[in-house]
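Below is structure_10.txt, which holds compact mmCIF, C-alpha atoms.
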```txt
# COMPACT_ATOMS: atom_id res chain seq x y z
CA MET A 270 113.79 122.38 146.19
CA SER A 271 115.75 120.06 143.93
CA ALA A 272 112.89 117.56 144.11
CA ALA A 273 110.43 120.23 142.93
CA PHE A 274 112.85 121.17 140.17
CA ALA A 275 113.17 117.51 139.15
CA LEU A 276 109.39 117.29 138.77
CA LEU A 277 109.25 120.50 136.71
CA HIS A 278 112.12 119.27 134.59
CA ARG A 279 110.44 115.93 133.96
CA ASP A 280 107.09 117.44 133.04
CA LEU A 281 108.67 119.97 130.69
CA ARG A 282 110.86 117.33 129.10
CA LEU A 283 107.88 115.03 128.53
CA SER A 284 105.84 117.86 127.00
CA LEU A 285 108.61 119.04 124.73
CA ARG A 286 109.55 115.53 123.57
CA GLN A 287 105.95 115.06 122.60
CA GLY A 288 106.17 118.53 121.06
CA ILE A 289 103.05 117.87 119.06
CA ASP A 290 101.00 118.53 122.23
CA VAL A 291 102.30 122.08 122.55
CA ALA A 292 101.92 122.68 118.83
CA LEU A 293 98.34 121.38 118.86
CA VAL A 294 97.29 123.81 121.59
CA VAL A 295 98.67 126.78 119.64
CA LEU A 296 97.22 125.55 116.35
CA PHE A 297 93.81 125.04 117.94
CA PHE A 298 93.96 128.56 119.38
CA LEU A 299 94.77 130.08 115.98
CA ALA A 300 92.58 127.84 113.83
CA ALA A 301 89.47 128.25 115.99
CA GLY A 302 90.07 132.02 116.15
CA ILE A 303 90.41 132.26 112.39
CA LEU A 304 86.95 130.74 112.01
CA PHE A 305 85.39 133.96 113.31
CA PRO A 306 86.15 136.21 110.32
CA PHE A 307 84.53 133.53 108.18
CA ALA A 308 81.54 133.06 110.44
CA VAL A 309 80.64 136.67 111.28
CA GLY A 310 81.96 138.25 108.06
CA PRO A 311 85.08 140.31 107.46
CA ALA A 312 83.69 143.70 108.55
CA PRO A 313 86.71 145.30 110.31
CA ASN A 314 84.70 147.09 112.98
CA LEU A 315 82.73 144.03 113.93
CA LEU A 316 85.88 141.92 114.18
CA ALA A 317 87.62 144.54 116.31
CA ALA A 318 84.60 144.60 118.61
CA ILE A 319 84.68 140.86 119.27
CA ALA A 320 88.48 140.43 119.16
CA SER A 321 89.04 140.59 122.92
CA GLY A 322 86.31 138.05 123.60
CA VAL A 323 87.51 135.67 120.90
CA VAL A 324 91.13 135.79 122.11
CA MET A 325 90.20 135.11 125.73
CA VAL A 326 87.62 132.41 125.02
CA MET A 327 89.96 130.63 122.62
CA ALA A 328 92.74 130.81 125.24
CA ALA A 329 90.40 129.29 127.81
CA LEU A 330 89.29 126.51 125.46
CA ALA A 331 92.86 125.79 124.37
CA ALA A 332 93.93 125.50 128.00
CA LEU A 333 90.94 123.25 128.68
CA LEU A 334 91.91 121.04 125.77
CA SER A 335 95.29 120.27 127.31
CA LEU A 336 94.15 119.66 130.91
CA ASP A 337 93.77 115.93 130.52
CA ARG A 338 97.51 115.50 130.23
CA LEU A 339 98.11 117.30 133.54
CA TYR A 340 97.38 114.47 136.00
CA LEU A 341 95.74 111.70 134.00
CA PRO A 342 98.95 110.08 132.62
CA ASP A 343 100.49 110.03 136.12
CA PHE A 344 97.27 108.61 137.53
CA GLU A 345 97.06 105.87 134.93
CA ASP A 346 100.68 104.73 134.95
CA GLY A 347 101.01 104.70 138.74
CA SER A 348 103.40 107.66 138.95
CA LEU A 349 100.86 109.58 141.02
CA ASP A 350 101.31 107.08 143.88
CA GLY A 351 105.02 107.82 143.81
CA LEU A 352 104.36 111.55 143.85
CA LEU A 353 101.93 111.20 146.76
CA LEU A 354 104.54 109.25 148.72
CA SER A 355 107.43 111.57 147.91
CA PRO A 356 108.83 113.88 150.60
CA LEU A 357 107.64 116.82 148.51
CA PRO A 358 104.43 118.35 149.94
CA LEU A 359 101.47 117.67 147.67
CA GLU A 360 100.64 121.39 147.54
CA VAL A 361 104.08 122.04 146.04
CA ILE A 362 103.51 119.23 143.54
CA ALA A 363 100.20 120.84 142.49
CA LEU A 364 101.92 124.21 142.09
CA VAL A 365 104.80 122.75 140.06
CA LYS A 366 102.42 120.82 137.80
CA ALA A 367 100.41 123.99 137.14
CA LEU A 368 103.63 125.88 136.40
CA ALA A 369 104.72 123.21 133.92
CA HIS A 370 101.28 123.35 132.31
CA TRP A 371 101.46 127.14 132.02
CA LEU A 372 104.95 127.05 130.52
CA THR A 373 103.80 124.61 127.84
CA THR A 374 100.35 126.11 127.09
CA GLY A 375 99.88 129.59 128.55
CA LEU A 376 103.23 130.94 127.43
CA PRO A 377 102.95 129.68 123.81
CA LEU A 378 99.44 131.21 123.67
CA LEU A 379 100.92 134.52 124.78
CA VAL A 380 103.27 134.34 121.81
CA ALA A 381 100.49 133.37 119.39
CA ALA A 382 97.92 135.91 120.63
CA PRO A 383 99.24 138.89 118.58
CA VAL A 384 98.79 136.84 115.42
CA LEU A 385 95.16 136.26 116.29
CA GLY A 386 94.85 139.96 117.18
CA LEU A 387 96.09 140.84 113.72
CA ILE A 388 93.59 138.53 112.04
CA LEU A 389 90.75 140.00 114.11
CA ASN A 390 91.75 143.60 113.38
CA LEU A 391 92.57 144.46 117.00
CA PRO A 392 93.58 148.17 117.23
CA PRO A 393 97.33 148.67 117.84
CA ALA A 394 96.74 150.32 121.20
CA ALA A 395 95.15 147.13 122.55
CA TYR A 396 98.08 144.74 121.98
CA LEU A 397 100.06 145.55 125.12
CA PRO A 398 96.94 145.41 127.35
CA MET A 399 95.99 142.10 125.70
CA LEU A 400 99.39 140.58 126.46
CA THR A 401 99.34 141.90 130.04
CA ALA A 402 95.84 140.54 130.59
CA LEU A 403 96.86 137.17 129.13
CA LEU A 404 100.01 137.12 131.27
CA LEU A 405 97.83 137.43 134.38
CA ALA A 406 94.92 135.30 133.14
CA THR A 407 96.66 132.25 131.65
CA PRO A 408 98.36 131.16 134.91
CA MET A 409 94.88 131.16 136.48
CA LEU A 410 93.61 128.97 133.64
CA SER A 411 96.37 126.48 134.54
CA LEU A 412 95.85 126.67 138.32
CA LEU A 413 92.05 126.33 138.18
CA GLY A 414 92.37 123.74 135.41
CA GLY A 415 94.71 121.69 137.59
CA LEU A 416 92.03 121.65 140.27
CA GLY A 417 89.45 120.45 137.74
CA ALA A 418 91.83 117.79 136.40
CA ALA A 419 92.52 116.52 139.92
CA LEU A 420 88.82 116.47 140.84
CA THR A 421 87.86 114.41 137.82
CA LEU A 422 90.62 111.79 138.13
CA GLY A 423 89.23 108.29 138.10
CA SER A 424 85.83 109.29 136.80
CA ARG A 425 84.66 108.14 133.42
CA ARG A 426 83.98 110.95 130.97
CA GLY A 427 86.50 113.01 132.90
CA GLY A 428 87.09 115.30 129.92
CA VAL A 429 83.48 116.46 129.74
CA LEU A 430 83.27 116.72 133.51
CA ILE A 431 86.36 118.97 133.67
CA THR A 432 84.69 121.32 131.22
CA LEU A 433 81.53 121.55 133.30
CA ILE A 434 83.44 122.09 136.55
CA ILE A 435 86.02 124.53 135.27
CA LEU A 436 84.16 126.77 132.81
CA PRO A 437 82.14 128.55 135.54
CA LEU A 438 85.40 129.21 137.40
CA TYR A 439 86.92 130.66 134.23
CA VAL A 440 84.09 133.21 133.84
CA PRO A 441 85.44 135.89 136.24
CA VAL A 442 88.91 135.55 134.73
CA LEU A 443 87.49 136.08 131.25
CA ILE A 444 85.32 139.05 132.28
CA PHE A 445 88.17 141.06 133.77
CA ALA A 446 90.70 140.12 131.10
CA MET A 447 88.26 141.22 128.36
CA ALA A 448 87.56 144.43 130.29
CA VAL A 449 91.28 145.26 130.23
CA ILE A 450 91.48 144.79 126.45
CA ASP A 451 88.21 146.59 125.72
CA ALA A 452 89.16 149.59 127.87
CA ALA A 453 92.27 150.03 125.71
CA ARG A 454 90.42 149.37 122.44
CA LEU A 455 87.73 151.96 123.19
CA GLY A 456 90.21 154.45 124.63
CA LEU A 457 88.58 154.37 128.07
CA GLY A 458 91.83 154.74 129.98
CA SER A 459 94.45 152.18 130.88
CA GLY A 460 92.18 149.58 132.46
CA ALA A 461 94.61 149.51 135.37
CA GLY A 462 91.82 148.86 137.82
CA PHE A 463 90.89 145.65 136.01
CA LEU A 464 94.53 144.63 135.83
CA ILE A 465 94.87 145.05 139.57
CA LEU A 466 91.75 142.92 140.07
CA LEU A 467 93.19 140.26 137.76
CA ALA A 468 96.47 140.34 139.68
CA ALA A 469 94.60 139.98 142.97
CA MET A 470 92.68 137.00 141.57
CA LEU A 471 95.93 135.44 140.42
CA LEU A 472 97.45 135.82 143.89
CA GLY A 473 94.32 134.32 145.39
CA SER A 474 94.46 131.35 143.00
CA LEU A 475 98.17 130.86 143.70
CA ALA A 476 97.47 130.71 147.40
CA LEU A 477 94.32 128.59 147.36
CA THR A 478 94.21 126.21 144.38
CA PRO A 479 97.29 124.15 145.40
CA TRP A 480 95.56 123.22 148.66
CA ALA A 481 92.32 122.29 146.95
CA THR A 482 94.16 120.38 144.22
CA ALA A 483 96.21 118.49 146.83
CA ALA A 484 93.04 117.48 148.67
CA ALA A 485 91.49 116.26 145.42
CA LEU A 486 94.63 114.25 144.54
CA ARG A 487 94.59 112.56 147.96
CA GLN A 488 90.99 111.51 147.34
CA ALA A 489 91.85 110.14 143.91
CA ALA A 490 94.52 107.77 145.25
CA MET B 179 109.71 93.85 169.30
CA ALA B 180 107.56 94.42 166.26
CA LEU B 181 108.92 97.04 163.86
CA PHE B 182 105.71 97.39 161.85
CA GLU B 183 102.36 96.39 163.18
CA ALA B 184 98.75 96.55 162.06
CA ARG B 185 95.87 96.38 164.51
CA ASP B 186 92.27 95.57 163.81
CA LEU B 187 92.30 96.88 160.24
CA ALA B 188 89.23 97.08 158.07
CA CYS B 189 89.20 98.10 154.43
CA GLN B 190 86.22 99.23 152.43
CA ARG B 191 86.21 99.71 148.66
CA GLY B 192 83.00 101.24 147.41
CA GLU B 193 80.12 99.46 149.11
CA ARG B 194 82.10 96.35 149.86
CA LEU B 195 83.99 95.49 153.03
CA LEU B 196 87.11 93.64 151.82
CA PHE B 197 88.45 92.53 155.18
CA GLN B 198 88.05 93.36 158.83
CA ALA B 199 89.82 92.69 162.14
CA LEU B 200 93.04 92.11 160.24
CA GLY B 201 96.29 92.44 162.15
CA PHE B 202 99.95 91.52 161.78
CA GLN B 203 103.34 92.15 163.28
CA ILE B 204 106.66 92.15 161.48
CA ALA B 205 110.07 92.47 163.07
CA ALA B 206 113.15 93.96 161.42
CA GLY B 207 114.63 91.45 159.00
CA GLU B 208 111.30 89.74 158.40
CA ALA B 209 109.12 89.56 155.32
CA LEU B 210 105.34 89.35 155.30
CA MET B 211 103.88 87.45 152.37
CA LEU B 212 100.26 88.31 151.56
CA THR B 213 98.29 85.51 149.98
CA GLY B 214 94.68 85.27 148.95
CA ALA B 215 92.44 85.06 145.95
CA ASN B 216 92.13 87.86 143.41
CA GLY B 217 90.12 90.69 144.88
CA SER B 218 90.63 89.61 148.47
CA GLY B 219 92.31 92.91 149.28
CA LYS B 220 96.06 92.25 149.05
CA SER B 221 96.70 95.32 146.94
CA SER B 222 94.38 97.40 149.11
CA LEU B 223 96.25 96.30 152.23
CA LEU B 224 99.51 97.48 150.65
CA ARG B 225 97.95 100.85 149.78
CA LEU B 226 96.71 101.17 153.35
CA ALA B 227 100.18 100.36 154.67
CA ALA B 228 101.69 103.01 152.39
CA GLY B 229 99.19 105.57 153.68
CA LEU B 230 97.78 106.11 150.18
CA MET B 231 94.30 105.64 151.59
CA PRO B 232 93.02 105.60 155.15
CA PRO B 233 91.73 102.34 156.66
CA ALA B 234 88.02 102.15 157.46
CA ALA B 235 89.05 101.07 160.96
CA GLY B 236 92.22 100.20 162.83
CA GLN B 237 95.73 101.58 162.64
CA PHE B 238 99.35 100.93 161.72
CA LEU B 239 102.17 101.29 164.20
CA TRP B 240 105.86 101.79 163.49
CA ASP B 241 108.09 101.12 166.52
CA GLY B 242 104.91 101.29 168.58
CA GLN B 243 103.94 104.76 167.29
CA PRO B 244 100.79 105.26 165.19
CA VAL B 245 101.94 106.21 161.69
CA THR B 246 99.14 108.74 161.26
CA ARG B 247 100.88 110.84 163.90
CA GLU B 248 104.02 111.08 161.76
CA ALA B 249 102.69 110.72 158.23
CA GLU B 250 105.61 112.50 156.59
CA ALA B 251 108.23 110.38 158.36
CA HIS B 252 106.28 107.29 157.33
CA ARG B 253 106.31 108.36 153.67
CA ARG B 254 110.07 108.80 153.83
CA ARG B 255 110.70 105.36 155.25
CA LEU B 256 108.88 103.34 152.61
CA VAL B 257 108.99 102.48 148.94
CA TYR B 258 105.70 101.36 147.42
CA LEU B 259 105.70 99.66 144.03
CA GLY B 260 102.19 98.95 142.80
CA HIS B 261 100.78 97.06 139.84
CA ALA B 262 101.58 99.80 137.36
CA ASP B 263 105.18 100.39 136.37
CA ALA B 264 105.14 104.18 136.91
CA LEU B 265 107.46 104.61 133.93
CA LYS B 266 107.34 107.37 131.32
CA ALA B 267 107.64 106.02 127.79
CA GLY B 268 109.18 109.28 126.59
CA LEU B 269 112.06 109.24 129.09
CA THR B 270 115.13 107.05 128.84
CA VAL B 271 115.78 104.26 131.32
CA ARG B 272 118.29 106.43 133.18
CA GLU B 273 116.04 109.52 133.18
CA ASN B 274 113.13 107.51 134.59
CA LEU B 275 115.19 106.23 137.47
CA ARG B 276 116.95 109.54 138.00
CA PHE B 277 113.58 111.28 138.43
CA TRP B 278 112.64 109.00 141.32
CA ALA B 279 116.08 109.46 142.89
CA ASP B 280 115.77 113.27 142.69
CA LEU B 281 112.21 113.18 143.96
CA ALA B 282 113.33 111.16 146.99
CA GLY B 283 115.56 114.11 147.83
CA LEU B 284 118.95 112.58 147.00
CA SER B 285 121.66 115.12 146.24
CA ARG B 286 122.95 115.29 142.67
CA PRO B 287 126.12 113.16 143.14
CA ALA B 288 124.29 110.71 145.40
CA ALA B 289 121.48 110.35 142.85
CA GLU B 290 123.91 109.77 139.98
CA ALA B 291 125.81 107.11 141.91
CA ALA B 292 122.62 105.43 143.15
CA VAL B 293 121.09 105.30 139.67
CA ASP B 294 124.24 103.79 138.18
CA ALA B 295 124.49 101.19 140.93
CA ALA B 296 120.80 100.26 140.61
CA LEU B 297 121.03 99.92 136.82
CA ASP B 298 124.11 97.71 137.21
CA ALA B 299 122.42 95.55 139.83
CA ASN B 300 119.46 94.84 137.55
CA GLY B 301 121.45 94.39 134.35
CA LEU B 302 120.01 97.51 132.71
CA GLN B 303 123.23 99.47 132.20
CA GLY B 304 123.35 98.54 128.52
CA LEU B 305 119.85 99.97 128.01
CA ALA B 306 120.40 103.13 130.06
CA ASP B 307 119.98 105.58 127.18
CA LEU B 308 117.08 103.80 125.50
CA PRO B 309 113.61 105.38 125.81
CA ALA B 310 111.45 103.26 128.11
CA ARG B 311 108.89 102.76 125.33
CA PHE B 312 111.26 100.22 123.72
CA LEU B 313 111.56 98.01 126.81
CA SER B 314 109.97 94.58 127.09
CA ALA B 315 107.55 93.86 129.93
CA GLY B 316 110.27 92.13 131.94
CA GLN B 317 112.72 94.96 131.38
CA ARG B 318 110.10 97.51 132.45
CA ARG B 319 109.53 95.52 135.62
CA ARG B 320 113.26 95.39 136.33
CA LEU B 321 113.51 99.14 135.85
CA THR B 322 110.63 99.70 138.27
CA LEU B 323 112.22 97.35 140.80
CA SER B 324 115.46 99.34 140.49
CA ARG B 325 113.74 102.08 142.51
CA LEU B 326 114.16 99.81 145.53
CA LEU B 327 117.93 100.06 145.28
CA LEU B 328 118.20 103.85 145.24
CA GLN B 329 118.40 104.13 149.00
CA ALA B 330 119.88 101.92 151.71
CA ALA B 331 117.79 99.87 154.13
CA ASP B 332 118.56 102.16 157.07
CA ALA B 333 117.07 105.15 155.18
CA VAL B 334 114.10 103.35 153.64
CA PRO B 335 113.45 100.20 155.69
CA LEU B 336 109.92 99.37 154.51
CA TRP B 337 109.31 97.91 151.06
CA LEU B 338 105.73 97.39 149.90
CA LEU B 339 105.64 95.30 146.74
CA ASP B 340 102.56 94.37 144.74
CA GLU B 341 103.20 91.33 142.55
CA PRO B 342 106.88 92.22 142.04
CA THR B 343 107.69 89.04 140.11
CA ASN B 344 105.16 89.71 137.32
CA ALA B 345 106.83 89.31 133.92
CA LEU B 346 110.22 88.52 135.47
CA ASP B 347 112.22 85.61 134.06
CA ALA B 348 113.87 83.05 136.34
CA GLN B 349 117.18 84.91 136.42
CA ALA B 350 115.55 88.23 137.32
CA GLN B 351 113.48 86.52 140.00
CA GLN B 352 116.66 85.13 141.55
CA ARG B 353 118.17 88.59 141.43
CA LEU B 354 115.12 90.06 143.18
CA LEU B 355 115.29 87.31 145.79
CA GLY B 356 118.93 88.20 146.44
CA GLN B 357 118.05 91.89 146.78
CA LEU B 358 115.21 91.08 149.16
CA ARG B 359 117.53 88.92 151.27
CA HIS B 360 120.10 91.69 151.38
CA HIS B 361 117.45 94.22 152.42
CA LEU B 362 116.18 91.95 155.18
CA GLY B 363 119.74 91.20 156.28
CA ALA B 364 120.37 94.93 156.65
CA GLY B 365 117.46 95.21 159.09
CA GLY B 366 114.81 96.19 156.56
CA THR B 367 111.36 94.73 156.25
CA VAL B 368 109.12 93.97 153.32
CA ILE B 369 105.46 93.21 152.64
CA ILE B 370 104.85 91.36 149.38
CA ALA B 371 101.62 90.48 147.67
CA SER B 372 102.48 87.61 145.38
CA HIS B 373 101.13 84.50 143.75
CA GLU B 374 104.63 83.42 142.83
CA SER B 375 106.79 81.71 145.35
CA LEU B 376 109.30 83.94 147.01
CA GLU B 377 108.89 81.44 149.82
CA ALA B 378 112.59 81.16 150.47
CA LEU B 379 112.40 84.44 152.37
CA PRO B 380 112.44 84.41 156.15
CA GLY B 381 109.16 85.71 157.52
CA ARG B 382 105.47 85.12 157.92
CA ARG B 383 102.49 84.57 155.71
CA LEU B 384 99.14 86.27 155.96
CA ALA B 385 96.10 84.95 154.11
CA VAL B 386 94.06 88.10 153.52
CA ASP B 387 90.89 86.18 152.65
CA ASP B 388 90.79 84.73 156.19
CA PHE B 389 89.58 88.16 157.29
CA GLU B 390 86.73 88.46 154.84
CA PRO B 391 83.57 89.44 156.70
CA ALA B 392 80.89 86.78 157.03
CA PRO B 393 78.17 87.16 154.42
CA PHE B 394 75.24 89.26 155.53
CA ASP B 395 72.72 87.07 157.31
CA GLU B 396 69.19 88.39 157.03
CA ALA B 397 67.68 85.69 159.28
CA LEU B 398 70.05 86.74 162.06
CA LEU B 399 69.05 90.39 161.68
CA LEU B 400 65.35 89.50 161.84
CA ALA B 401 65.93 87.35 164.88
CA SER B 402 67.75 90.17 166.68
CA HIS B 403 65.00 92.56 165.63
CA ASP B 404 62.39 90.26 167.16
CA ALA B 405 64.44 89.94 170.32
CA LEU B 406 64.65 93.73 170.58
CA GLY B 407 60.88 93.93 170.13
CA GLU B 408 60.36 91.56 173.01
CA VAL B 409 62.58 93.62 175.28
CA ALA B 410 60.60 96.72 174.40
```

What does the file become when written as structure tokens?
Amino acid sequence: MSAAFALLHRDLRLSLRQGIDVALVVLFFLAAGILFPFAVGPAPNLLAAIASGVVMVMAALAALLSLDRLYLPDFEDGSLDGLLLSPLPLEVIALVKALAHWLTTGLPLLVAAPVLGLILNLPPAAYLPMLTALLLATPMLSLLGGLGAALTLGSRRGGVLITLIILPLYVPVLIFAMAVIDAARLGLGSGAGFLILLAAMLLGSLALTPWATAAALRQAA
Amino acid sequence: MALFEARDLACQRGERLLFQALGFQIAAGEALMLTGANGSGKSSLLRLAAGLMPPAAGQFLWDGQPVTREAEAHRRRLVYLGHADALKAGLTVRENLRFWADLAGLSRPAAEAAVDAALDANGLQGLADLPARFLSAGQRRRLTLSRLLLQAADAVPLWLLDEPTNALDAQAQQRLLGQLRHHLGAGGTVIIASHESLEALPGRRLAVDDFEPAPFDEALLLASHDALGEVA
């Protein structure tokens, strides 16, 4: 347990000391989202209609942007060998790394999302559903992203490859998260069914991705 | 009685067979020095011994037991230090070392004491609170080597060191030699890939390039093919 905590502590400390990484993810999320009112025009109804999609896609892209610092630095500086040889099971390492990634990207995005909602004229009733959907969706972005990062270790052009591997896996997450927000925006009920599906997907990812990520890390070594 | 033994190992990287039919035995208190040209497979042999990748053929035995049968116990009994320093530039010298101590499962007081002792032993105490990005190459190497001193030889008897003397000055090399001697004296064992002479250590030498497979001989293949045709 203390070994897992030491790994979490180290990853968080490294991210926060290079605080610019966390700030860049949030700034990208906001800046790319702000492009939409300029690109599609400031019509309030149009913006409200695309708000859920923009928020979720920007969250996915922002998470994607930060995946290369999940395993690549450890792979390049030899720390990954030490992690592989530690008494800590590799599945736990994968889970802890995804948690650290979520705490430094998913959680800040959760805080920044209402700002983007405001800019995109999201109706007030949709804010709570948006945050709930993001709370369930962003951990999946980190877990699936960790798998992609582990699979592409050691390959040239890893960054592009991650995108191609991971984006299809992000699609179901995006569909259900957007459905939650849109149900609230259009007044079609609470969207609880979609939330339950999202929660089920999150539990599935929590149970399965650490194993797959561990297998990929063993191959990379 | 051999403590650590390799039998009939083969190692393949990509399409290339680096070595085959390689074997060795080391007893407690003995060092094994790997020699050989660049690319002969010294580093790969160390990675095989650490269990970081599986051999293409053959096996390792610890106390006569195949290590694949007790992979977790094998991980606990070894320290592997590769080419790369495995240091984080953003962490201080002490934080870097403390992370490896915690990860090895040392309790908080034990980790604190072990880190202090290891920093003292390698003359890094004065730099303890400096971020690792400010260290020189030799200092980085000494910090990496400090990981060897976090646990005693009875807990972690097997050291696997890839070019440990890189970037070390004469004084630091002497210090490493002393630490290696102490480890061996306490019943530990060590495998070192090195160009430099740590020859003063008791133990054996293994020239990895002696086990390089013979180059592919097309004439021989054709001859055997013809012979097969005649039998048919």

**OP:** Work out how far apart CA of Leu372 (chain A) and CA of Arg338 (chain A) are and give it in Å to one decimal.
**Re:**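 Between these atoms lies a distance of 13.7 Å.
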
Subject >> Nearby residues, (104.1, 111.0, 126.8) file frame, 8 Å, all atoms listed in the file, as an MDAnalysis selection string >> reply: (chainID A and resid 283:284 286:287 342) or (chainID B and resid 266:268)

Could you write out the selected residues, including C-alpha atoms, as a tab-separated table (two decimals), keeping the file's coordinate frame?
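That gives us result-v5.tsv:
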```
chain	number	residue	atom	x	y	z
A	283	LEU	CA	107.88	115.03	128.53
A	284	SER	CA	105.84	117.86	127.00
A	286	ARG	CA	109.55	115.53	123.57
A	287	GLN	CA	105.95	115.06	122.60
A	342	PRO	CA	98.95	110.08	132.62
B	266	LYS	CA	107.34	107.37	131.32
B	267	ALA	CA	107.64	106.02	127.79
B	268	GLY	CA	109.18	109.28	126.59
```

Original post:
Pick from A:Ser355, A:Gln488, A:Asn390, A:Thr374: nearest to Arg253 (chain B), with all atoms listed in the file counted?
Top reply: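 The shortest atom-to-atom distance to Arg253 (chain B) comes from A:Ser355.
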
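Comparing A:Leu281, A:Ala461, A:Leu387, A:Leu299 by their smallest distance to chain B, the closest is A:Leu281 (using all atoms listed in the file).
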
Contacts between chain B and chain A, please, where a residue of chain A counts if it comes within 10 Å (with all atoms listed in the file); show its shortest atom pair and distance in Å to one decimal, rows by chain and ascending number, as a Markdown table.
```
| residue | atom | partner | partner_atom | distance |
| --- | --- | --- | --- | --- |
| A:Met270 | CA | B:Gly283 | CA | 8.6 |
| A:Ser271 | CA | B:Asp280 | CA | 6.9 |
| A:Ala272 | CA | B:Leu281 | CA | 4.4 |
| A:Ala273 | CA | B:Leu281 | CA | 7.3 |
| A:Phe274 | CA | B:Asp280 | CA | 8.8 |
| A:Ala275 | CA | B:Asp280 | CA | 6.1 |
| A:Leu276 | CA | B:Leu281 | CA | 7.2 |
| A:His278 | CA | B:Phe277 | CA | 9.0 |
| A:Arg279 | CA | B:Phe277 | CA | 7.2 |
| A:Arg282 | CA | B:Leu269 | CA | 8.2 |
| A:Leu283 | CA | B:Gly268 | CA | 6.2 |
| A:Ser284 | CA | B:Gly268 | CA | 9.2 |
| A:Leu285 | CA | B:Gly268 | CA | 10.0 |
| A:Arg286 | CA | B:Gly268 | CA | 7.0 |
| A:Gln287 | CA | B:Gly268 | CA | 7.7 |
| A:Pro342 | CA | B:Lys266 | CA | 8.9 |
| A:Asp343 | CA | B:Ala264 | CA | 7.5 |
| A:Phe344 | CA | B:Ala264 | CA | 9.1 |
| A:Glu345 | CA | B:Ala262 | CA | 7.9 |
| A:Asp346 | CA | B:Ala264 | CA | 4.9 |
| A:Gly347 | CA | B:Ala264 | CA | 4.5 |
| A:Ser348 | CA | B:Ala264 | CA | 4.4 |
| A:Leu349 | CA | B:Ala264 | CA | 8.0 |
| A:Asp350 | CA | B:Leu230 | CA | 7.3 |
| A:Gly351 | CA | B:Tyr258 | CA | 7.4 |
| A:Leu352 | CA | B:Leu281 | CA | 8.0 |
| A:Leu353 | CA | B:Leu230 | CA | 7.4 |
| A:Leu354 | CA | B:Arg253 | CA | 5.3 |
| A:Ser355 | CA | B:Ala282 | CA | 6.0 |
| A:Pro356 | CA | B:Arg254 | CA | 6.1 |
| A:Leu357 | CA | B:Leu281 | CA | 7.4 |
| A:Pro358 | CA | B:Glu250 | CA | 8.9 |
| A:Arg487 | CA | B:Leu230 | CA | 7.5 |
| A:Gln488 | CA | B:Met231 | CA | 8.0 |
| A:Ala489 | CA | B:Met231 | CA | 9.2 |
| A:Ala490 | CA | B:Leu230 | CA | 6.1 |
```

Original post:
Interatomic distance between CA of Ala332 (chain A) and CA of Pro393 (chain A)?
Top reply: 25.5 Å

Specify the axis-aligned box that encloses all atoms of region 435-448 of chain A listed in the file after padding of 5 Å on each side, stating its centre and edge lengths in Å to one decimal as AutoDock Vina command-line options.
```
--center_x 86.4 --center_y 134.5 --center_z 132.9 --size_x 18.6 --size_y 29.9 --size_z 19.0
```

Subject >> Within 10 Å of Ile370 (chain B) using all atoms listed in the file, minus same-chain residues under 6 positions, as a list in words >> reply: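 The contact residues come out as Ala209, Leu210, Met211, Leu212, Thr213, Lys220, Ser221, Leu224, Leu259, Trp337, Leu338, Leu339, Asp340, Glu341, Pro342, Thr343, Leu376 and Arg383 of chain B.
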
**OP:** Rounded to one decimal place, report the CA of Ala331 (chain A)-CA of Ala483 (chain A) distance in Å.
**Re:**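 CA of Ala483 (chain A) lies 23.9 Å from CA of Ala331 (chain A).
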
Original post:
Which residue, A:Val324, A:Ala476, A:Leu486, A:Leu293, has the smallest gap to Thr421 (chain A) when you use all atoms listed in the file?
Top reply: A:Leu486

**OP:** Find the residues around region 215-219 of chain B up to 10 Å (only C-alpha atoms counted), leave out those fewer than 5 positions away in its own chain, and share them as a ChimeraX atom specification.
**Re:** /B:189-191,195-197,224-225,371,373,385-390

Original post:
Which neighbours of Ile303 (chain A) fall inside 8 Å, counting all atoms listed in the file, when residues of the same chain fewer than 6 positions from it are skipped, and could you give them as a list in words?
Top reply: Leu385, Ile388 and Leu389 of chain A

Can you pull out the residues contacting Arg454 (chain A)? Cut-off 8 Å, using only C-alpha atoms, and skip same-chain residues under 4 positions away; I want them as a tab-separated table (two decimals) with C-alpha atoms, keeping the file's coordinate frame.
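Heads up, here's the output in out38.tsv:
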```tsv
chain	number	residue	atom	x	y	z
A	391	LEU	CA	92.57	144.46	117.00
A	392	PRO	CA	93.58	148.17	117.23
A	394	ALA	CA	96.74	150.32	121.20
A	395	ALA	CA	95.15	147.13	122.55
A	450	ILE	CA	91.48	144.79	126.45
```

Original post:
In file coordinates, which residues lie within 9 Å of (108.0, 97.2, 134.4) using all atoms listed in the file, given as a PyMOL selection string?
Top reply: chain B and resi 262-265+313-323+344-345

Subject >> Nearest residue to Ile435 (chain A) from the set A:Val326, A:Leu455, A:Leu333, A:Ile465 (distances using all atoms listed in the file) >> reply: A:Leu333

**OP:** Find the residues near Glu360 (chain A): any atom within 8 Å, counting all atoms listed in the file, skip ones fewer than 2 places away on the same chain, and give them as a list in words.
**Re:** Pro358, Ile362, Ala363, Leu364, Pro479, Trp480, Thr482 and Ala483 of chain A
